[in-house]
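Data block for my_file.csv (CSV, C-alpha atoms):
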```csv
chain,number,residue,atom,x,y,z
A,1,MET,CA,76.9,83.5,99.8
A,2,ALA,CA,78.4,80.2,100.7
A,3,SER,CA,78.6,78.5,97.3
A,4,GLN,CA,76.5,78.2,94.2
A,5,ASP,CA,72.7,78.3,94.9
A,6,GLU,CA,72.0,75.2,93.0
A,7,GLN,CA,75.1,73.1,93.7
A,8,ASP,CA,77.4,73.0,90.7
A,9,PRO,CA,77.7,69.4,89.6
A,10,ARG,CA,81.5,69.5,90.1
A,11,ILE,CA,81.1,70.2,93.9
A,12,ALA,CA,80.1,66.6,94.8
A,13,LYS,CA,83.3,65.1,93.4
A,14,ILE,CA,85.4,67.9,95.0
A,15,SER,CA,83.8,67.2,98.4
A,16,SER,CA,84.3,63.5,98.2
A,17,ALA,CA,88.0,63.9,97.2
A,18,ILE,CA,88.7,65.6,100.5
A,19,ARG,CA,89.9,63.2,103.2
A,20,VAL,CA,88.9,63.6,106.8
A,21,ILE,CA,91.5,62.6,109.3
A,22,PRO,CA,90.4,62.2,112.9
A,23,ASN,CA,92.4,63.5,115.9
A,24,PHE,CA,94.9,65.6,113.9
A,25,PRO,CA,96.7,67.7,115.0
A,26,LYS,CA,95.2,66.8,118.4
A,27,PRO,CA,92.4,64.6,119.8
A,28,GLY,CA,88.8,65.7,118.8
A,29,ILE,CA,89.8,67.6,115.7
A,30,MET,CA,88.6,66.2,112.4
A,31,PHE,CA,91.2,67.4,109.9
A,32,GLN,CA,90.1,68.3,106.4
A,33,ASP,CA,92.9,66.9,104.2
A,34,ILE,CA,93.0,68.5,100.7
A,35,THR,CA,96.1,66.5,99.6
A,36,THR,CA,93.8,63.8,98.3
A,37,LEU,CA,91.9,66.4,96.2
A,38,LEU,CA,95.3,67.2,94.6
A,39,LEU,CA,95.7,63.6,93.5
A,40,ASP,CA,92.4,63.7,91.5
A,41,THR,CA,93.4,65.7,88.5
A,42,LYS,CA,89.9,66.4,87.3
A,43,ALA,CA,88.6,67.4,90.8
A,44,PHE,CA,91.7,69.7,91.3
A,45,ARG,CA,91.1,71.2,87.9
A,46,ASP,CA,87.4,71.7,88.8
A,47,THR,CA,88.3,73.4,92.1
A,48,ILE,CA,90.5,76.0,90.3
A,49,ASP,CA,87.9,76.5,87.5
A,50,LEU,CA,85.1,77.2,90.0
A,51,PHE,CA,87.2,80.1,91.5
A,52,VAL,CA,88.4,81.3,88.1
A,53,GLU,CA,84.9,81.4,86.7
A,54,ARG,CA,83.8,83.5,89.7
A,55,TYR,CA,86.7,86.0,89.6
A,56,ARG,CA,87.6,86.4,85.9
A,57,GLY,CA,86.8,89.8,84.5
A,58,LYS,CA,86.2,91.3,87.9
A,59,ASP,CA,89.4,93.5,87.8
A,60,ILE,CA,91.1,91.6,90.5
A,61,SER,CA,94.8,92.5,90.4
A,62,VAL,CA,96.0,90.6,93.4
A,63,VAL,CA,95.6,87.1,94.7
A,64,ALA,CA,97.0,86.8,98.2
A,65,GLY,CA,97.6,83.2,99.4
A,66,VAL,CA,98.1,82.2,103.0
A,67,GLU,CA,101.1,79.9,103.7
A,68,ALA,CA,101.3,77.1,102.9
A,69,ARG,CA,98.2,75.5,101.5
A,70,GLY,CA,97.0,78.8,100.1
A,71,PHE,CA,100.1,78.6,97.9
A,72,ILE,CA,98.7,75.5,96.2
A,73,PHE,CA,95.4,77.1,95.1
A,74,GLY,CA,96.2,80.8,94.8
A,75,PRO,CA,98.8,80.8,92.0
A,76,PRO,CA,96.8,78.8,89.5
A,77,ILE,CA,93.9,81.2,90.1
A,78,ALA,CA,96.1,84.2,89.8
A,79,LEU,CA,97.6,82.9,86.5
A,80,ALA,CA,94.2,82.2,85.0
A,81,ILE,CA,92.8,85.7,85.9
A,82,GLY,CA,95.9,87.6,85.1
A,83,ALA,CA,96.6,88.8,88.7
A,84,LYS,CA,99.7,88.9,90.7
A,85,PHE,CA,100.3,86.4,93.4
A,86,VAL,CA,101.3,87.6,96.8
A,87,PRO,CA,102.4,85.0,99.5
A,88,MET,CA,101.4,85.8,103.0
A,89,ARG,CA,103.9,84.1,105.2
A,90,LYS,CA,104.9,83.0,108.7
A,91,PRO,CA,107.5,85.2,110.4
A,92,ASN,CA,111.1,85.4,109.1
A,93,LYS,CA,110.4,83.6,105.8
A,94,LEU,CA,110.1,86.6,103.4
A,95,PRO,CA,113.6,88.0,102.7
A,96,GLY,CA,112.7,91.7,102.0
A,97,GLU,CA,111.2,94.4,104.1
A,98,VAL,CA,107.8,93.2,105.5
A,99,ILE,CA,104.8,94.4,107.4
A,100,SER,CA,103.4,92.1,110.1
A,101,GLU,CA,100.1,91.4,111.6
A,102,GLU,CA,99.7,89.5,114.9
A,103,TYR,CA,96.7,87.2,115.4
A,104,SER,CA,95.3,85.0,118.1
A,105,LEU,CA,95.6,81.3,118.2
A,106,GLU,CA,93.8,79.0,120.6
A,107,TYR,CA,96.8,79.3,122.9
A,108,GLY,CA,99.1,82.3,122.2
A,109,THR,CA,99.6,84.3,119.1
A,110,ASP,CA,101.2,84.0,115.7
A,111,LYS,CA,102.3,86.5,113.1
A,112,MET,CA,101.6,86.9,109.4
A,113,GLU,CA,103.9,88.9,107.1
A,114,MET,CA,103.7,90.4,103.6
A,115,HIS,CA,106.4,92.1,101.6
A,116,VAL,CA,106.4,95.9,101.5
A,117,GLY,CA,105.7,97.1,98.0
A,118,ALA,CA,104.0,93.9,96.8
A,119,VAL,CA,100.7,95.6,96.5
A,120,GLN,CA,99.6,99.2,95.9
A,121,ALA,CA,96.8,101.2,97.3
A,122,GLY,CA,93.7,100.9,95.3
A,123,GLU,CA,94.4,97.4,94.1
A,124,ARG,CA,91.5,94.9,94.3
A,125,ALA,CA,92.4,91.6,96.0
A,126,LEU,CA,91.3,88.1,96.8
A,127,ILE,CA,92.6,86.2,99.7
A,128,ILE,CA,92.9,82.4,99.2
A,129,ASP,CA,93.3,79.6,101.7
A,130,ASP,CA,92.4,75.9,101.7
A,131,LEU,CA,90.1,76.2,104.7
A,132,ILE,CA,88.4,78.7,107.0
A,133,ALA,CA,88.0,77.6,110.6
A,134,THR,CA,87.8,80.4,113.2
A,135,GLY,CA,88.8,83.0,110.6
A,136,GLY,CA,91.7,84.4,112.6
A,137,THR,CA,94.2,83.8,109.8
A,138,LEU,CA,92.0,85.4,107.2
A,139,VAL,CA,91.3,88.4,109.4
A,140,ALA,CA,95.1,88.9,109.7
A,141,ALA,CA,95.5,88.7,105.9
A,142,ILE,CA,92.6,91.2,105.4
A,143,ARG,CA,94.2,93.6,107.8
A,144,LEU,CA,97.6,93.4,106.2
A,145,LEU,CA,96.2,94.2,102.8
A,146,GLU,CA,93.9,97.0,104.1
A,147,ARG,CA,96.7,98.6,106.0
A,148,VAL,CA,98.4,99.4,102.6
A,149,GLY,CA,95.1,100.6,101.0
A,150,VAL,CA,94.1,97.5,99.1
A,151,HIS,CA,90.4,96.7,98.7
A,152,VAL,CA,89.8,93.1,99.7
A,153,VAL,CA,87.0,92.0,97.4
A,154,GLU,CA,86.4,88.6,98.8
A,155,CYS,CA,88.0,85.7,100.8
A,156,ALA,CA,87.9,82.4,99.0
A,157,CYS,CA,88.4,78.9,100.5
A,158,VAL,CA,87.8,75.4,99.4
A,159,ILE,CA,86.3,74.4,102.7
A,160,GLU,CA,84.4,76.1,105.5
A,161,LEU,CA,83.8,74.8,109.0
A,162,PRO,CA,80.6,76.8,109.7
A,163,GLU,CA,80.3,75.7,113.3
A,164,LEU,CA,83.5,77.7,114.0
A,165,LYS,CA,81.7,80.9,112.8
A,166,GLY,CA,84.7,82.2,110.9
A,167,ARG,CA,82.4,83.9,108.4
A,168,GLU,CA,81.1,86.2,111.1
A,169,ARG,CA,84.7,87.2,112.1
A,170,LEU,CA,85.2,88.5,108.6
A,171,GLY,CA,82.7,91.2,109.2
A,172,ASP,CA,81.7,92.9,106.0
A,173,LYS,CA,84.1,90.9,103.9
A,174,PRO,CA,82.3,88.4,101.7
A,175,LEU,CA,83.4,84.7,101.9
A,176,PHE,CA,83.1,82.2,99.0
A,177,VAL,CA,83.6,78.5,99.7
A,178,LEU,CA,83.1,75.4,97.6
A,179,VAL,CA,82.4,72.9,100.4
A,180,SER,CA,80.9,73.3,103.8
A,181,SER,CA,81.9,70.7,106.4
A,182,THR,CA,79.9,70.0,109.5
B,1,MET,CA,120.3,71.6,81.1
B,2,SER,CA,118.9,75.1,81.4
B,3,ALA,CA,116.7,77.3,79.4
B,4,TYR,CA,119.2,80.0,80.2
B,5,ARG,CA,121.7,78.3,78.0
B,6,ASP,CA,119.0,77.8,75.3
B,7,LYS,CA,118.2,81.5,75.6
B,8,ASP,CA,114.5,81.3,75.1
B,9,PRO,CA,113.4,85.0,74.7
B,10,ARG,CA,111.2,84.7,77.8
B,11,ILE,CA,114.1,84.0,80.1
B,12,HIS,CA,115.4,87.6,80.2
B,13,GLY,CA,112.1,88.8,81.6
B,14,ILE,CA,112.0,86.1,84.2
B,15,GLN,CA,115.5,86.6,85.3
B,16,SER,CA,115.1,90.3,85.6
B,17,ARG,CA,112.1,89.9,87.9
B,18,ILE,CA,114.0,87.9,90.5
B,19,ARG,CA,115.2,90.1,93.3
B,20,VAL,CA,118.5,89.4,95.0
B,21,VAL,CA,118.3,90.2,98.8
B,22,PRO,CA,121.8,90.4,100.4
B,23,ASN,CA,122.5,88.9,103.8
B,24,PHE,CA,119.3,86.8,104.2
B,25,PRO,CA,118.6,84.7,106.2
B,26,LYS,CA,121.8,85.7,107.9
B,27,SER,CA,124.8,87.8,107.1
B,28,ALA,CA,128.1,86.5,105.9
B,29,GLY,CA,127.5,87.1,102.3
B,30,ILE,CA,124.4,85.1,101.4
B,31,MET,CA,122.6,86.6,98.4
B,32,PHE,CA,119.1,85.3,98.6
B,33,GLN,CA,117.2,84.8,95.4
B,34,ASP,CA,113.7,86.2,96.0
B,35,ILE,CA,111.1,84.8,93.6
B,36,THR,CA,108.2,86.8,95.1
B,37,THR,CA,108.9,89.7,92.8
B,38,LEU,CA,108.6,87.3,89.8
B,39,LEU,CA,105.1,86.4,91.1
B,40,LEU,CA,104.1,90.1,90.9
B,41,ASP,CA,104.6,90.1,87.1
B,42,PRO,CA,101.7,88.1,85.7
B,43,LYS,CA,103.4,87.7,82.3
B,44,ALA,CA,106.8,86.6,83.7
B,45,PHE,CA,105.1,84.2,86.1
B,46,LYS,CA,103.0,82.7,83.3
B,47,ASP,CA,106.1,82.4,81.1
B,48,THR,CA,107.9,80.6,83.9
B,49,VAL,CA,105.1,78.0,84.2
B,50,ASP,CA,104.8,77.8,80.4
B,51,LEU,CA,108.5,77.0,80.0
B,52,PHE,CA,108.1,74.0,82.3
B,53,VAL,CA,104.7,72.9,80.8
B,54,GLU,CA,106.1,73.0,77.3
B,55,ARG,CA,109.0,70.8,78.3
B,56,TYR,CA,106.9,68.2,80.2
B,57,ARG,CA,103.6,68.1,78.4
B,58,GLY,CA,103.0,64.8,76.5
B,59,LYS,CA,105.8,63.0,78.4
B,60,ASN,CA,103.5,60.8,80.5
B,61,ILE,CA,104.4,62.5,83.7
B,62,SER,CA,101.8,61.4,86.3
B,63,VAL,CA,103.2,63.1,89.4
B,64,VAL,CA,104.5,66.6,90.1
B,65,ALA,CA,106.0,66.7,93.6
B,66,GLY,CA,106.5,70.1,95.0
B,67,ILE,CA,108.8,71.0,98.0
B,68,GLU,CA,107.3,73.1,100.7
B,69,ALA,CA,106.8,76.0,100.5
B,70,ARG,CA,108.0,77.7,97.4
B,71,GLY,CA,107.7,74.5,95.3
B,72,PHE,CA,103.9,74.8,96.1
B,73,ILE,CA,103.8,78.0,94.1
B,74,PHE,CA,105.1,76.5,90.9
B,75,GLY,CA,104.3,72.8,91.1
B,76,PRO,CA,100.5,72.8,91.1
B,77,ALA,CA,100.2,75.1,88.0
B,78,ILE,CA,102.5,72.8,86.1
B,79,ALA,CA,100.6,69.7,87.3
B,80,LEU,CA,97.3,71.1,86.3
B,81,GLU,CA,98.5,71.9,82.8
B,82,ILE,CA,100.1,68.5,82.1
B,83,GLY,CA,97.3,66.5,83.8
B,84,ALA,CA,99.5,65.1,86.6
B,85,LYS,CA,98.7,64.7,90.3
B,86,PHE,CA,100.3,67.2,92.7
B,87,VAL,CA,102.0,65.8,95.7
B,88,PRO,CA,103.3,68.2,98.4
B,89,LEU,CA,106.5,67.2,100.1
B,90,ARG,CA,106.5,68.8,103.6
B,91,LYS,CA,108.4,69.5,106.7
B,92,PRO,CA,107.7,67.2,109.6
B,93,LYS,CA,104.3,66.9,111.2
B,94,LYS,CA,102.4,69.0,108.7
B,95,LEU,CA,100.9,66.1,106.7
B,96,PRO,CA,97.9,64.7,108.6
B,97,GLY,CA,97.9,61.1,107.3
B,98,LYS,CA,100.5,58.3,107.4
B,99,VAL,CA,103.8,59.5,106.0
B,100,ILE,CA,107.2,58.3,105.0
B,101,SER,CA,110.1,60.5,106.0
B,102,GLU,CA,113.6,61.2,104.6
B,103,GLU,CA,116.2,62.9,106.6
B,104,TYR,CA,118.8,65.1,105.0
B,105,GLU,CA,121.8,67.2,106.0
B,106,LEU,CA,121.8,71.0,106.5
B,107,GLU,CA,124.9,73.1,106.8
B,108,TYR,CA,124.4,72.7,110.6
B,109,GLY,CA,122.2,69.8,111.6
B,110,ARG,CA,119.6,67.8,109.9
B,111,ASP,CA,116.1,68.3,108.5
B,112,CYS,CA,113.4,66.0,107.3
B,113,LEU,CA,111.0,65.8,104.4
B,114,GLU,CA,107.7,63.9,104.4
B,115,MET,CA,105.3,62.5,101.9
B,116,HIS,CA,101.9,60.9,102.4
B,117,LEU,CA,101.8,57.1,101.9
B,118,GLY,CA,99.6,56.2,99.0
B,119,ALA,CA,100.0,59.5,97.2
B,120,VAL,CA,102.4,58.0,94.7
B,121,GLU,CA,102.3,54.5,93.2
B,122,PRO,CA,105.0,52.2,91.8
B,123,GLY,CA,105.6,53.1,88.2
B,124,ASP,CA,104.4,56.7,88.5
B,125,ARG,CA,106.6,59.0,86.4
B,126,ALA,CA,107.5,62.0,88.6
B,127,LEU,CA,109.0,65.5,88.4
B,128,VAL,CA,110.3,67.2,91.5
B,129,VAL,CA,109.8,71.0,91.5
B,130,ASP,CA,111.3,73.7,93.7
B,131,ASP,CA,112.0,77.4,93.2
B,132,LEU,CA,115.8,76.9,93.6
B,133,ILE,CA,118.5,74.3,93.8
B,134,ALA,CA,121.5,75.2,96.0
B,135,THR,CA,123.4,72.3,97.5
B,136,GLY,CA,120.8,69.8,96.2
B,137,GLY,CA,120.2,68.3,99.7
B,138,THR,CA,116.5,68.9,99.7
B,139,LEU,CA,116.0,67.7,96.1
B,140,CYS,CA,117.9,64.6,96.9
B,141,ALA,CA,115.7,63.8,99.8
B,142,ALA,CA,112.7,64.4,97.6
B,143,MET,CA,113.9,62.0,95.0
B,144,LYS,CA,114.6,59.4,97.6
B,145,LEU,CA,111.1,59.6,99.0
B,146,LEU,CA,109.6,59.1,95.5
B,147,GLU,CA,112.0,56.3,94.6
B,148,ARG,CA,111.3,54.5,97.9
B,149,VAL,CA,107.7,54.0,96.8
B,150,GLY,CA,108.7,52.9,93.4
B,151,ALA,CA,108.2,56.0,91.3
B,152,ASP,CA,110.5,56.9,88.5
B,153,VAL,CA,111.9,60.4,88.9
B,154,VAL,CA,112.2,61.7,85.4
B,155,GLU,CA,113.7,65.1,86.2
B,156,CYS,CA,114.1,67.8,88.8
B,157,ALA,CA,113.0,71.2,87.7
B,158,CYS,CA,113.8,74.5,89.4
B,159,VAL,CA,113.4,78.1,88.4
B,160,ILE,CA,116.9,79.0,89.6
B,161,GLU,CA,120.2,77.1,90.0
B,162,LEU,CA,123.2,78.3,92.0
B,163,PRO,CA,125.8,76.4,90.0
B,164,ASP,CA,128.7,77.3,92.3
B,165,LEU,CA,127.1,75.1,95.0
B,166,LYS,CA,127.3,72.1,92.7
B,167,GLY,CA,123.8,70.8,93.6
B,168,ARG,CA,123.5,69.3,90.1
B,169,GLU,CA,126.2,66.8,91.0
B,170,GLN,CA,124.3,65.7,94.1
B,171,LEU,CA,121.4,64.3,92.2
B,172,ASN,CA,122.8,60.8,91.6
B,173,GLY,CA,122.7,61.3,87.8
B,174,LYS,CA,119.1,62.5,87.7
B,175,PRO,CA,118.7,65.3,85.1
B,176,LEU,CA,118.1,68.8,86.3
B,177,TYR,CA,116.3,71.5,84.3
B,178,VAL,CA,116.5,75.1,85.3
B,179,LEU,CA,115.4,78.4,83.7
B,180,VAL,CA,118.0,80.7,85.3
B,181,GLU,CA,121.5,80.4,86.7
B,182,SER,CA,122.8,82.8,89.3
B,183,HIS,CA,126.4,83.1,90.2
```
Just dump the structure as structure tokens.
Amino acid sequence: MASQDEQDPRIAKISSAIRVIPNFPKPGIMFQDITTLLLDTKAFRDTIDLFVERYRGKDISVVAGVEARGFIFGPPIALAIGAKFVPMRKPNKLPGEVISEEYSLEYGTDKMEMHVGAVQAGERALIIDDLIATGGTLVAAIRLLERVGVHVVECACVIELPELKGRERLGDKPLFVLVSST
Amino acid sequence: MSAYRDKDPRIHGIQSRIRVVPNFPKSAGIMFQDITTLLLDPKAFKDTVDLFVERYRGKNISVVAGIEARGFIFGPAIALEIGAKFVPLRKPKKLPGKVISEEYELEYGRDCLEMHLGAVEPGDRALVVDDLIATGGTLCAAMKLLERVGADVVECACVIELPDLKGREQLNGKPLYVLVESH
């Protein structure tokens, strides 16, 4: 399920508050800039509300947010649904003992880390990021959580770039997005 | 000014959830204040945000600026509750649009903080939020960015202060509000 079947009336304003910046970080890429959404207090509020309405009362105990823009959306959702917030970070940022998951980039690889002990086996988790492109980052986050026995209920992003087929890379994990950008 | 001194009953729970990790990021006695354990306690995390919201609600704050990356964890929740815009202050080359930059000193070398042009307008009343103030260098750079575009920085707000590093004195007279002090 991509988003609400009949588009929620709040979606249009959220979508129009996102700024597209051509040729960032390199030529040919149309970058989806959510910082303008954060300047629109109502649209930002609506963004969080749409996720909270979907996940409240579903026994989600963990919201994992991918550094850094996942840190902007994840914590307000976690606070509203009474879940813990777990930051998933680039290497060498988390100070305690971590587990790491490598993932592919267009050129080369990167690594994502999570603190040991942040989550327990059997917990139900959401993964939040601002955008899903190829899905590589989200897959790494899913793997980190599943390696410690957590059940990833859903991945949630503000924006999907469907042409990059990230949804398919998530396999059996559902994906919920507010805005699809072609 | 700190809530620690005011001894709000919620402070004890918040302080006890902060984990101190010795010798990070490098050895030689650095005791790293890890807030990730605070985020694992929904009540303590909510209390943290509530303490800031109670202080700033109804004070006509139009901007909450959060410093990458841990300022992103606390800032947006505060901004949403008080009806302010959230403006991320980022390391170089992360923001995609036109930016202004402010360089600042590190122990060895320099770093740079950036803000999108147009995010903040002259006359905006702003808070700067980060998880921790140490020497105050980063907060100072953040305040300069906001002031350069004509915003009025009302206060800096951090969860933790390391008072021995005297960051408070680096803020050019701007007030600082913290919840917890760590010596």
Q: For chain A, list the residues within 10 Å of chain B, counting only C-alpha atoms, and write the list as a PyMOL selection string.
A: chain A and resi 19-25+31-33+35-42+44-45+48+61-63+65+67-87+89+92-97+115+117-119
Q.
Please list as a PyMOL selection string every residue within 12 Å of Val177 (chain A), counting only C-alpha atoms and excluding residues in the same chain fewer than 2 positions away.
A. chain A and resi 1-5+7+11+14-15+47-48+50-51+54+127-133+154-162+166-167+174-175+179-181
How about saving the chosen residues, C-alpha atoms kept, as a compact mmCIF listing (two decimals), in the frame of the given file?
```
# COMPACT_ATOMS: atom_id res chain seq x y z
CA MET A 1 76.90 83.50 99.80
CA ALA A 2 78.40 80.20 100.70
CA SER A 3 78.60 78.50 97.30
CA GLN A 4 76.50 78.20 94.20
CA ASP A 5 72.70 78.30 94.90
CA GLN A 7 75.10 73.10 93.70
CA ILE A 11 81.10 70.20 93.90
CA ILE A 14 85.40 67.90 95.00
CA SER A 15 83.80 67.20 98.40
CA THR A 47 88.30 73.40 92.10
CA ILE A 48 90.50 76.00 90.30
CA LEU A 50 85.10 77.20 90.00
CA PHE A 51 87.20 80.10 91.50
CA ARG A 54 83.80 83.50 89.70
CA ILE A 127 92.60 86.20 99.70
CA ILE A 128 92.90 82.40 99.20
CA ASP A 129 93.30 79.60 101.70
CA ASP A 130 92.40 75.90 101.70
CA LEU A 131 90.10 76.20 104.70
CA ILE A 132 88.40 78.70 107.00
CA ALA A 133 88.00 77.60 110.60
CA GLU A 154 86.40 88.60 98.80
CA CYS A 155 88.00 85.70 100.80
CA ALA A 156 87.90 82.40 99.00
CA CYS A 157 88.40 78.90 100.50
CA VAL A 158 87.80 75.40 99.40
CA ILE A 159 86.30 74.40 102.70
CA GLU A 160 84.40 76.10 105.50
CA LEU A 161 83.80 74.80 109.00
CA PRO A 162 80.60 76.80 109.70
CA GLY A 166 84.70 82.20 110.90
CA ARG A 167 82.40 83.90 108.40
CA PRO A 174 82.30 88.40 101.70
CA LEU A 175 83.40 84.70 101.90
CA VAL A 179 82.40 72.90 100.40
CA SER A 180 80.90 73.30 103.80
CA SER A 181 81.90 70.70 106.40
```
Q. Taking (89.5, 95.7, 101.1) in the file's coordinates, which residues come within 10 Å, counting only C-alpha atoms, written as a count of residues only?
A. 21
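In this structure, CA of Arg125 (chain B) sits 15.1 Å away from CA of Leu176 (chain B).
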**Q.** Spatial neighbours of Glu106 (chain A), 12 Å, only C-alpha atoms, chain gap at least 5 places, as a PyMOL selection string
**A.** chain A and resi 133-137
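Nearest residue to Thr182 (chain A) among A:Ile29, A:Leu105, A:Val66, A:Leu138 is A:Ile29, counting only C-alpha atoms.
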Q: Between CA of Gly58 (chain B) and CA of Glu121 (chain B), measure the distance and give it in Å to one decimal.
A: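 Distance between the two atoms: 19.6 Å.
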Q: Tell me which protein, DNA and RNA residues are within 8 Å of Gly137 (chain B), counting all atoms listed in the file, leaving out same-chain ones fewer than 5 positions away, and put them as an MDAnalysis selection string.
A: chainID B and resid 104:106 167 170
Q) Is there a way to get, as a list in words, all residues within 9 Å of the point (113.7, 70.0, 89.5) in file coordinates, counting all atoms listed in the file? A) Leu127, Val128, Val129, Asp130, Asp131, Leu132, Ile133, Leu139, Glu155, Cys156, Ala157, Cys158, Val159, Pro175, Leu176, Tyr177 and Val178 of chain B
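Of the listed residues B:Cys112, B:Leu117, B:Val180, B:Met31, the one whose atoms come nearest to Arg148 (chain B) is B:Leu117, with distances taken using only C-alpha atoms.
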(Q) Excluding Leu51 (chain B) and its own-chain neighbours fewer than 3 positions away, which residues fall within 9 Å of it when counting only C-alpha atoms? Please give them as a list in words. (A) Ala3, Asp8, Arg10, Ile11, Lys46, Asp47, Thr48, Glu54, Arg55, Tyr56 and Leu179 of chain B
Output C-alpha atoms for every residue in the selection just made, as a CSV table (one decimal), in the coordinates of the input.
```csv
chain,number,residue,atom,x,y,z
B,3,ALA,CA,116.7,77.3,79.4
B,8,ASP,CA,114.5,81.3,75.1
B,10,ARG,CA,111.2,84.7,77.8
B,11,ILE,CA,114.1,84.0,80.1
B,46,LYS,CA,103.0,82.7,83.3
B,47,ASP,CA,106.1,82.4,81.1
B,48,THR,CA,107.9,80.6,83.9
B,54,GLU,CA,106.1,73.0,77.3
B,55,ARG,CA,109.0,70.8,78.3
B,56,TYR,CA,106.9,68.2,80.2
B,179,LEU,CA,115.4,78.4,83.7
```
Q: One decimal, Å: what's the distance from CA of Ala141 (chain B) over to CA of Ile30 (chain B), could you say?
A: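 Distance reported for this atom pair: 23.1 Å.
Residue nearest Ala126 (chain B) within the list B:Ile160, B:Leu171, B:Ile100, B:Val153: B:Val153 [criterion: smallest interatomic distance, all atoms listed in the file].
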Tell me which protein, DNA and RNA residues are within 7 Å of Gly123 (chain B), counting all atoms listed in the file, leaving out same-chain ones fewer than 4 positions away, and put them as an mmCIF file with C-alpha atoms, keeping the file's coordinate frame.
```cif
data_model
loop_
_atom_site.group_PDB
_atom_site.id
_atom_site.type_symbol
_atom_site.label_atom_id
_atom_site.label_comp_id
_atom_site.auth_asym_id
_atom_site.auth_seq_id
_atom_site.Cartn_x
_atom_site.Cartn_y
_atom_site.Cartn_z
ATOM 1 C CA GLY B 150 108.700 52.900 93.400
ATOM 2 C CA ALA B 151 108.200 56.000 91.300
ATOM 3 C CA ASP B 152 110.500 56.900 88.500
#
```
